[in-house]
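Student: I'm passing along run-v9.cif; it holds mmCIF, N, CA and C atoms.
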```
data_input
loop_
_atom_site.group_PDB
_atom_site.id
_atom_site.type_symbol
_atom_site.label_atom_id
_atom_site.label_comp_id
_atom_site.auth_asym_id
_atom_site.auth_seq_id
_atom_site.Cartn_x
_atom_site.Cartn_y
_atom_site.Cartn_z
ATOM 1 N N MET H 608 1.736 -21.661 62.393
ATOM 2 C CA MET H 608 3.061 -21.480 62.925
ATOM 3 C C MET H 608 3.177 -22.368 64.151
ATOM 4 N N LEU H 609 4.125 -23.272 64.127
ATOM 5 C CA LEU H 609 4.317 -24.168 65.245
ATOM 6 C C LEU H 609 5.426 -23.633 66.115
ATOM 7 N N MET H 610 5.113 -23.396 67.380
ATOM 8 C CA MET H 610 6.108 -22.879 68.312
ATOM 9 C C MET H 610 5.969 -23.605 69.637
ATOM 10 N N ASP H 611 7.033 -23.605 70.394
ATOM 11 C CA ASP H 611 7.001 -24.139 71.741
ATOM 12 C C ASP H 611 6.751 -22.970 72.680
ATOM 13 N N TYR H 612 5.493 -22.686 72.977
ATOM 14 C CA TYR H 612 5.123 -21.517 73.762
ATOM 15 C C TYR H 612 5.589 -21.617 75.208
ATOM 16 N N GLU H 613 5.733 -22.838 75.737
ATOM 17 C CA GLU H 613 6.185 -22.970 77.115
ATOM 18 C C GLU H 613 7.568 -22.389 77.314
ATOM 19 N N ASN H 614 8.438 -22.503 76.302
ATOM 20 C CA ASN H 614 9.786 -21.959 76.410
ATOM 21 C C ASN H 614 9.782 -20.437 76.456
ATOM 22 N N HIS H 615 8.706 -19.799 76.025
ATOM 23 C CA HIS H 615 8.581 -18.347 76.067
ATOM 24 C C HIS H 615 7.817 -17.885 77.301
ATOM 25 N N GLY H 616 7.472 -18.808 78.187
ATOM 26 C CA GLY H 616 6.711 -18.464 79.382
ATOM 27 C C GLY H 616 5.271 -18.132 79.070
ATOM 28 N N LEU H 617 4.754 -18.678 77.977
ATOM 29 C CA LEU H 617 3.394 -18.393 77.546
ATOM 30 C C LEU H 617 2.491 -19.573 77.857
ATOM 31 N N PRO H 618 1.197 -19.319 78.014
ATOM 32 C CA PRO H 618 0.274 -20.415 78.314
ATOM 33 C C PRO H 618 0.146 -21.369 77.139
ATOM 34 N N VAL H 619 -0.108 -22.605 77.441
ATOM 35 C CA VAL H 619 -0.283 -23.626 76.412
ATOM 36 C C VAL H 619 -1.705 -24.130 76.488
ATOM 37 N N LYS H 620 -2.362 -24.225 75.337
ATOM 38 C CA LYS H 620 -3.742 -24.664 75.261
ATOM 39 C C LYS H 620 -3.848 -26.159 75.559
ATOM 40 N N ALA H 621 -4.792 -26.522 76.390
ATOM 41 C CA ALA H 621 -5.015 -27.922 76.730
ATOM 42 C C ALA H 621 -5.871 -28.579 75.655
ATOM 43 N N ALA H 622 -5.579 -29.828 75.366
ATOM 44 C CA ALA H 622 -6.382 -30.565 74.390
ATOM 45 C C ALA H 622 -7.685 -30.989 75.043
ATOM 46 N N PRO H 623 -8.804 -30.867 74.313
ATOM 47 C CA PRO H 623 -10.085 -31.273 74.896
ATOM 48 C C PRO H 623 -10.126 -32.780 75.139
ATOM 49 N N ASN H 624 -10.799 -33.183 76.207
ATOM 50 C CA ASN H 624 -10.932 -34.584 76.587
ATOM 51 C C ASN H 624 -12.230 -35.118 75.993
ATOM 52 N N SER H 625 -12.125 -36.098 75.103
ATOM 53 C CA SER H 625 -13.317 -36.620 74.424
ATOM 54 C C SER H 625 -14.238 -37.375 75.366
ATOM 55 N N GLU H 626 -13.752 -37.859 76.502
ATOM 56 C CA GLU H 626 -14.566 -38.619 77.443
ATOM 57 C C GLU H 626 -15.263 -37.722 78.457
ATOM 58 N N ALA H 627 -14.961 -36.459 78.462
ATOM 59 C CA ALA H 627 -15.514 -35.549 79.470
ATOM 60 C C ALA H 627 -16.983 -35.298 79.189
ATOM 61 N N SER H 628 -17.687 -34.965 80.251
ATOM 62 C CA SER H 628 -19.100 -34.617 80.097
ATOM 63 C C SER H 628 -19.209 -33.287 79.364
ATOM 64 N N SER H 629 -20.406 -32.924 78.944
ATOM 65 C CA SER H 629 -20.580 -31.664 78.213
ATOM 66 C C SER H 629 -20.206 -30.472 79.079
ATOM 67 N N MET H 630 -20.468 -30.578 80.389
ATOM 68 C CA MET H 630 -20.111 -29.485 81.295
ATOM 69 C C MET H 630 -18.596 -29.351 81.398
ATOM 70 N N ALA H 631 -17.915 -30.468 81.530
ATOM 71 C CA ALA H 631 -16.458 -30.453 81.604
ATOM 72 C C ALA H 631 -15.870 -30.003 80.276
ATOM 73 N N ALA H 632 -16.500 -30.414 79.165
ATOM 74 C CA ALA H 632 -16.029 -29.996 77.850
ATOM 75 C C ALA H 632 -16.168 -28.486 77.696
ATOM 76 N N SER H 633 -17.279 -27.923 78.175
ATOM 77 C CA SER H 633 -17.460 -26.478 78.114
ATOM 78 C C SER H 633 -16.402 -25.761 78.939
ATOM 79 N N TYR H 634 -16.105 -26.307 80.111
ATOM 80 C CA TYR H 634 -15.075 -25.719 80.960
ATOM 81 C C TYR H 634 -13.717 -25.774 80.271
ATOM 82 N N THR H 635 -13.406 -26.921 79.646
ATOM 83 C CA THR H 635 -12.139 -27.078 78.942
ATOM 84 C C THR H 635 -12.046 -26.084 77.798
ATOM 85 N N GLU H 636 -13.142 -25.909 77.069
ATOM 86 C CA GLU H 636 -13.164 -24.960 75.958
ATOM 87 C C GLU H 636 -12.946 -23.537 76.466
ATOM 88 N N ALA H 637 -13.606 -23.169 77.551
ATOM 89 C CA ALA H 637 -13.439 -21.833 78.118
ATOM 90 C C ALA H 637 -12.015 -21.636 78.613
ATOM 91 N N ALA H 638 -11.442 -22.644 79.241
ATOM 92 C CA ALA H 638 -10.058 -22.555 79.711
ATOM 93 C C ALA H 638 -9.111 -22.451 78.535
ATOM 94 N N SER H 639 -9.432 -23.142 77.455
ATOM 95 C CA SER H 639 -8.608 -23.098 76.262
ATOM 96 C C SER H 639 -8.596 -21.696 75.656
ATOM 97 N N VAL H 640 -9.755 -21.064 75.580
ATOM 98 C CA VAL H 640 -9.837 -19.699 75.050
ATOM 99 C C VAL H 640 -9.077 -18.748 75.957
ATOM 100 N N ALA H 641 -9.254 -18.872 77.252
ATOM 101 C CA ALA H 641 -8.555 -18.002 78.193
ATOM 102 C C ALA H 641 -7.053 -18.193 78.095
ATOM 103 N N ALA H 642 -6.611 -19.410 77.836
ATOM 104 C CA ALA H 642 -5.178 -19.678 77.731
ATOM 105 C C ALA H 642 -4.559 -19.033 76.505
ATOM 106 N N THR H 643 -5.380 -18.690 75.526
ATOM 107 C CA THR H 643 -4.832 -18.071 74.318
ATOM 108 C C THR H 643 -4.813 -16.551 74.403
ATOM 109 N N LEU H 644 -5.312 -15.973 75.502
ATOM 110 C CA LEU H 644 -5.259 -14.524 75.688
ATOM 111 C C LEU H 644 -3.935 -14.157 76.355
ATOM 112 N N LEU H 645 -3.254 -13.186 75.774
ATOM 113 C CA LEU H 645 -1.947 -12.762 76.257
ATOM 114 C C LEU H 645 -1.999 -11.320 76.722
ATOM 115 N N ASP H 646 -1.146 -10.965 77.669
ATOM 116 C CA ASP H 646 -1.018 -9.556 78.053
ATOM 117 C C ASP H 646 0.157 -8.944 77.286
ATOM 118 N N ALA H 647 0.386 -7.653 77.474
ATOM 119 C CA ALA H 647 1.420 -6.933 76.714
ATOM 120 C C ALA H 647 2.809 -7.508 76.966
ATOM 121 N N ARG H 648 3.072 -7.915 78.193
ATOM 122 C CA ARG H 648 4.399 -8.470 78.516
ATOM 123 C C ARG H 648 4.644 -9.764 77.748
ATOM 124 N N GLN H 649 3.640 -10.632 77.684
ATOM 125 C CA GLN H 649 3.792 -11.899 76.976
ATOM 126 C C GLN H 649 3.973 -11.678 75.474
ATOM 127 N N VAL H 650 3.209 -10.736 74.909
ATOM 128 C CA VAL H 650 3.337 -10.434 73.485
ATOM 129 C C VAL H 650 4.721 -9.848 73.200
ATOM 130 N N ALA H 651 5.188 -8.960 74.066
ATOM 131 C CA ALA H 651 6.512 -8.365 73.892
ATOM 132 C C ALA H 651 7.594 -9.442 73.893
ATOM 133 N N ARG H 652 7.468 -10.388 74.799
ATOM 134 C CA ARG H 652 8.443 -11.484 74.869
ATOM 135 C C ARG H 652 8.386 -12.335 73.606
ATOM 136 N N LEU H 653 7.202 -12.600 73.119
ATOM 137 C CA LEU H 653 7.023 -13.413 71.923
ATOM 138 C C LEU H 653 7.597 -12.734 70.679
ATOM 139 N N LEU H 654 7.398 -11.398 70.568
ATOM 140 C CA LEU H 654 7.862 -10.649 69.396
ATOM 141 C C LEU H 654 9.277 -10.095 69.556
ATOM 142 N N HIS H 655 9.858 -10.242 70.741
ATOM 143 C CA HIS H 655 11.187 -9.698 71.039
ATOM 144 C C HIS H 655 11.230 -8.190 70.869
ATOM 145 N N VAL H 656 10.228 -7.526 71.441
ATOM 146 C CA VAL H 656 10.141 -6.064 71.448
ATOM 147 C C VAL H 656 9.807 -5.617 72.872
ATOM 148 N N SER H 657 9.794 -4.304 73.096
ATOM 149 C CA SER H 657 9.466 -3.795 74.428
ATOM 150 C C SER H 657 7.951 -3.776 74.645
ATOM 151 N N GLU H 658 7.563 -3.731 75.905
ATOM 152 C CA GLU H 658 6.140 -3.619 76.230
ATOM 153 C C GLU H 658 5.571 -2.307 75.700
ATOM 154 N N SER H 659 6.357 -1.239 75.747
ATOM 155 C CA SER H 659 5.866 0.049 75.244
ATOM 156 C C SER H 659 5.599 -0.035 73.741
ATOM 157 N N TRP H 660 6.424 -0.788 72.995
ATOM 158 C CA TRP H 660 6.189 -0.972 71.558
ATOM 159 C C TRP H 660 4.854 -1.673 71.359
ATOM 160 N N VAL H 661 4.582 -2.689 72.150
ATOM 161 C CA VAL H 661 3.316 -3.437 72.042
ATOM 162 C C VAL H 661 2.146 -2.499 72.324
ATOM 163 N N ARG H 662 2.241 -1.707 73.378
ATOM 164 C CA ARG H 662 1.142 -0.788 73.722
ATOM 165 C C ARG H 662 0.921 0.251 72.627
ATOM 166 N N GLU H 663 2.008 0.833 72.099
ATOM 167 C CA GLU H 663 1.873 1.837 71.040
ATOM 168 C C GLU H 663 1.204 1.258 69.803
ATOM 169 N N HIS H 664 1.587 0.043 69.441
ATOM 170 C CA HIS H 664 1.052 -0.564 68.219
ATOM 171 C C HIS H 664 -0.316 -1.195 68.416
ATOM 172 N N SER H 665 -0.749 -1.316 69.652
ATOM 173 C CA SER H 665 -2.129 -1.761 69.888
ATOM 174 C C SER H 665 -3.058 -0.552 69.981
ATOM 175 N N ASN H 666 -2.483 0.646 70.055
ATOM 176 C CA ASN H 666 -3.275 1.877 70.129
ATOM 177 C C ASN H 666 -3.319 2.642 68.814
ATOM 178 N N GLY H 667 -2.928 2.014 67.715
ATOM 179 C CA GLY H 667 -3.110 2.646 66.423
ATOM 180 C C GLY H 667 -1.867 2.880 65.600
ATOM 181 N N LYS H 668 -0.683 2.805 66.205
ATOM 182 C CA LYS H 668 0.537 3.014 65.433
ATOM 183 C C LYS H 668 0.749 1.818 64.510
ATOM 184 N N GLU H 669 1.238 2.118 63.304
ATOM 185 C CA GLU H 669 1.474 1.043 62.327
ATOM 186 C C GLU H 669 2.847 0.425 62.552
ATOM 187 N N PRO H 670 2.988 -0.865 62.357
ATOM 188 C CA PRO H 670 1.963 -1.855 62.035
ATOM 189 C C PRO H 670 1.092 -2.136 63.261
ATOM 190 N N ARG H 671 -0.192 -2.172 63.029
ATOM 191 C CA ARG H 671 -1.164 -2.279 64.116
ATOM 192 C C ARG H 671 -1.278 -3.706 64.630
ATOM 193 N N LEU H 672 -1.151 -3.848 65.942
ATOM 194 C CA LEU H 672 -1.364 -5.136 66.603
ATOM 195 C C LEU H 672 -2.835 -5.255 66.998
ATOM 196 N N PRO H 673 -3.521 -6.310 66.597
ATOM 197 C CA PRO H 673 -4.922 -6.477 67.002
ATOM 198 C C PRO H 673 -5.014 -6.772 68.493
ATOM 199 N N ALA H 674 -5.843 -6.007 69.176
ATOM 200 C CA ALA H 674 -6.000 -6.166 70.619
ATOM 201 C C ALA H 674 -7.460 -5.968 70.999
ATOM 202 N N MET H 675 -7.802 -6.409 72.203
ATOM 203 C CA MET H 675 -9.156 -6.187 72.710
ATOM 204 C C MET H 675 -9.052 -5.557 74.088
ATOM 205 N N LYS H 676 -9.976 -4.644 74.354
ATOM 206 C CA LYS H 676 -10.040 -4.007 75.661
ATOM 207 C C LYS H 676 -11.093 -4.700 76.504
ATOM 208 N N LEU H 677 -10.731 -4.965 77.733
ATOM 209 C CA LEU H 677 -11.672 -5.535 78.692
ATOM 210 C C LEU H 677 -11.957 -4.439 79.709
ATOM 211 N N GLY H 678 -13.093 -3.811 79.575
ATOM 212 C CA GLY H 678 -13.433 -2.686 80.430
ATOM 213 C C GLY H 678 -13.432 -1.393 79.631
ATOM 214 N N GLN H 679 -13.503 -0.269 80.350
ATOM 215 C CA GLN H 679 -13.575 1.028 79.686
ATOM 216 C C GLN H 679 -12.556 1.984 80.285
ATOM 217 N N GLY H 680 -12.241 2.996 79.508
ATOM 218 C CA GLY H 680 -11.384 4.067 79.997
ATOM 219 C C GLY H 680 -9.937 3.658 80.175
ATOM 220 N N LYS H 681 -9.232 4.459 80.972
ATOM 221 C CA LYS H 681 -7.798 4.245 81.163
ATOM 222 C C LYS H 681 -7.483 3.004 81.990
ATOM 223 N N THR H 682 -8.451 2.509 82.716
ATOM 224 C CA THR H 682 -8.215 1.328 83.551
ATOM 225 C C THR H 682 -8.546 0.022 82.836
ATOM 226 N N ALA H 683 -8.956 0.108 81.560
ATOM 227 C CA ALA H 683 -9.303 -1.096 80.810
ATOM 228 C C ALA H 683 -8.067 -1.977 80.630
ATOM 229 N N LEU H 684 -8.277 -3.269 80.737
ATOM 230 C CA LEU H 684 -7.210 -4.228 80.475
ATOM 231 C C LEU H 684 -7.141 -4.478 78.977
ATOM 232 N N VAL H 685 -5.941 -4.596 78.452
ATOM 233 C CA VAL H 685 -5.757 -4.899 77.036
ATOM 234 C C VAL H 685 -5.209 -6.314 76.937
ATOM 235 N N ARG H 686 -5.847 -7.115 76.109
ATOM 236 C CA ARG H 686 -5.415 -8.492 75.903
ATOM 237 C C ARG H 686 -5.308 -8.769 74.409
ATOM 238 N N PHE H 687 -4.481 -9.741 74.088
ATOM 239 C CA PHE H 687 -4.201 -10.111 72.705
ATOM 240 C C PHE H 687 -4.489 -11.591 72.542
ATOM 241 N N HIS H 688 -5.139 -11.949 71.455
ATOM 242 C CA HIS H 688 -5.439 -13.353 71.194
ATOM 243 C C HIS H 688 -4.255 -13.962 70.445
ATOM 244 N N MET H 689 -3.835 -15.140 70.874
ATOM 245 C CA MET H 689 -2.667 -15.802 70.283
ATOM 246 C C MET H 689 -2.797 -15.943 68.763
ATOM 247 N N ASN H 690 -3.976 -16.300 68.273
ATOM 248 C CA ASN H 690 -4.166 -16.455 66.823
ATOM 249 C C ASN H 690 -3.938 -15.138 66.092
ATOM 250 N N ASP H 691 -4.375 -14.027 66.679
ATOM 251 C CA ASP H 691 -4.161 -12.716 66.059
ATOM 252 C C ASP H 691 -2.677 -12.369 65.998
ATOM 253 N N ILE H 692 -1.942 -12.705 67.035
ATOM 254 C CA ILE H 692 -0.508 -12.424 67.046
ATOM 255 C C ILE H 692 0.211 -13.290 66.017
ATOM 256 N N GLU H 693 -0.184 -14.546 65.913
ATOM 257 C CA GLU H 693 0.404 -15.415 64.895
ATOM 258 C C GLU H 693 0.098 -14.898 63.495
ATOM 259 N N ASP H 694 -1.134 -14.422 63.254
ATOM 260 C CA ASP H 694 -1.493 -13.822 61.961
ATOM 261 C C ASP H 694 -0.657 -12.572 61.696
ATOM 262 N N PHE H 695 -0.465 -11.756 62.729
ATOM 263 C CA PHE H 695 0.350 -10.549 62.608
ATOM 264 C C PHE H 695 1.772 -10.912 62.155
ATOM 265 N N ILE H 696 2.349 -11.928 62.764
ATOM 266 C CA ILE H 696 3.704 -12.358 62.402
ATOM 267 C C ILE H 696 3.744 -12.829 60.954
ATOM 268 N N ARG H 697 2.767 -13.638 60.549
ATOM 269 C CA ARG H 697 2.718 -14.120 59.155
ATOM 270 C C ARG H 697 2.576 -12.957 58.179
ATOM 271 N N ASN H 698 1.704 -11.992 58.499
ATOM 272 C CA ASN H 698 1.502 -10.840 57.613
ATOM 273 C C ASN H 698 2.765 -10.000 57.501
ATOM 274 N N GLN H 699 3.458 -9.785 58.612
ATOM 275 C CA GLN H 699 4.691 -9.002 58.571
ATOM 276 C C GLN H 699 5.767 -9.712 57.762
ATOM 277 N N ARG H 700 5.823 -11.023 57.885
ATOM 278 C CA ARG H 700 6.788 -11.813 57.104
ATOM 279 C C ARG H 700 6.483 -11.694 55.609
ATOM 280 N N GLU H 701 5.213 -11.768 55.245
ATOM 281 C CA GLU H 701 4.821 -11.653 53.834
ATOM 282 C C GLU H 701 5.138 -10.264 53.294
ATOM 283 N N LEU H 702 4.870 -9.219 54.073
ATOM 284 C CA LEU H 702 5.211 -7.859 53.639
ATOM 285 C C LEU H 702 6.706 -7.701 53.432
ATOM 286 N N ALA H 703 7.500 -8.297 54.296
ATOM 287 C CA ALA H 703 8.963 -8.233 54.153
ATOM 288 C C ALA H 703 9.405 -8.937 52.879
ATOM 289 N N ARG H 704 8.799 -10.064 52.575
ATOM 290 C CA ARG H 704 9.136 -10.780 51.333
ATOM 291 C C ARG H 704 8.795 -9.945 50.112
ATOM 292 N N ARG H 705 7.630 -9.316 50.132
ATOM 293 C CA ARG H 705 7.223 -8.478 48.988
ATOM 294 C C ARG H 705 8.174 -7.299 48.795
ATOM 295 N N ARG H 706 8.578 -6.675 49.907
ATOM 296 C CA ARG H 706 9.528 -5.554 49.807
ATOM 297 C C ARG H 706 10.850 -6.014 49.218
ATOM 298 N N THR H 707 11.312 -7.189 49.627
ATOM 299 C CA THR H 707 12.571 -7.724 49.111
ATOM 300 C C THR H 707 12.476 -7.979 47.619
ATOM 301 N N VAL H 708 11.386 -8.568 47.174
ATOM 302 C CA VAL H 708 11.187 -8.838 45.738
ATOM 303 C C VAL H 708 11.137 -7.522 44.967
ATOM 304 N N ALA H 709 10.412 -6.542 45.483
ATOM 305 C CA ALA H 709 10.300 -5.248 44.811
ATOM 306 C C ALA H 709 11.658 -4.563 44.712
ATOM 307 N N GLN H 710 12.451 -4.643 45.756
ATOM 308 C CA GLN H 710 13.782 -4.035 45.728
ATOM 309 C C GLN H 710 14.681 -4.716 44.715
ATOM 310 N N LYS H 711 14.608 -6.027 44.621
ATOM 311 C CA LYS H 711 15.416 -6.768 43.652
ATOM 312 C C LYS H 711 14.998 -6.425 42.230
ATOM 313 N N GLN H 712 13.690 -6.242 42.000
ATOM 314 C CA GLN H 712 13.219 -5.904 40.667
ATOM 315 C C GLN H 712 13.678 -4.506 40.247
ATOM 316 N N LYS H 713 13.778 -3.576 41.203
ATOM 317 C CA LYS H 713 14.247 -2.228 40.910
ATOM 318 C C LYS H 713 15.724 -2.230 40.512
ATOM 319 N N GLN H 714 16.491 -3.156 41.081
ATOM 320 C CA GLN H 714 17.917 -3.213 40.801
ATOM 321 C C GLN H 714 18.197 -3.716 39.392
ATOM 322 N N TRP H 715 17.307 -4.461 38.807
ATOM 323 C CA TRP H 715 17.527 -5.012 37.474
ATOM 324 C C TRP H 715 17.152 -4.017 36.470
#
```
Please go through the file and, once you have read it, give me the structure as structure tokens.

Tutor:
Amino acid sequence: MLMDYENHGLPVKAAPNSEASSMAASYTEAASVAATLLDARQVARLLHVSESWVREHSNGKEPRLPAMKLGQGKTALVRFHMNDIEDFIRNQRELARRRTVAQKQKQW
């Protein structure tokens, strides 16, 4: 899915520099991974839903949003990987298409 993430106020992954040393390349890779982690507010903006919807669906409500906890207990930070959110969008789109086809077949 190709999107302009900057227009949504989301981080944009930097392209790795082929001339960089291995240490700089490792730093670029780590920065790239960190840039793909989103918080609930960013995911809500991307999906056009509320932050509470994002939190509910990352805690088990269907459709489930894949999330990771950083830390333990109630103070743990919840983050979402951009690739997981893109997969979630693709899966939801496919489910919607299947429902539409099934409904059309019932009408015939």

Student: Using atom C of Ala674 of chain H and atom N of Arg686 of chain H as the two end points, give the distance in Å to one decimal.

Tutor: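 Atom N of Arg686 of chain H lies 5.5 Å from atom C of Ala674 of chain H.
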
Student: For the atom pair atom C of Thr643 of chain H and atom CA of Met675 of chain H, what is the interatomic distance in Å to one decimal place?

Tutor: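 So the two atoms, atom C of Thr643 of chain H and atom CA of Met675 of chain H, lie 11.4 Å apart.
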
Student: Could you state the separation of atom CA of Arg700 of chain H and atom CA of Arg648 of chain H in Å, given to one decimal place?

Tutor: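 Taking atom CA of Arg700 of chain H as the start and atom CA of Arg648 of chain H as the end point, the length is 21.8 Å.
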
Student: Step by step, work through what the PyMOL selection byres (((chain H and resi 646 and name CA) around 12) and name CA) selects in the shown file, and finish by giving those residues as a PyMOL selection string.

Tutor: chain H and resi 616-618+641-645+647-653+658+661-662+665+674-677+684-689+692

Student: If you run DSSP on this backbone, which residues of segment 639-709 of chain H come out as alpha helix (DSSP H), and could you give them as a VMD selection string?

Tutor: chain H and resid 639 to 642 647 to 654 658 to 665 689 to 709

Student: Once 8 Å is added on each side, what centre and edge lengths in Å to one decimal does the axis-aligned box around all listed atoms of segment 691-708 of chain H have, as JSON?

Tutor:
```
{"center_x": 4.1, "center_y": -10.5, "center_z": 56.0, "size_x": 32.9, "size_y": 25.9, "size_z": 38.1}
```

Student: From the options H:His664, H:Leu672, H:Leu654, H:Gln712, which residue's atoms come nearest to Asp691 of chain H, counting only N, CA and C atoms?

Tutor: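 Counting only N, CA and C atoms, the residue closest to Asp691 of chain H is H:Leu672.
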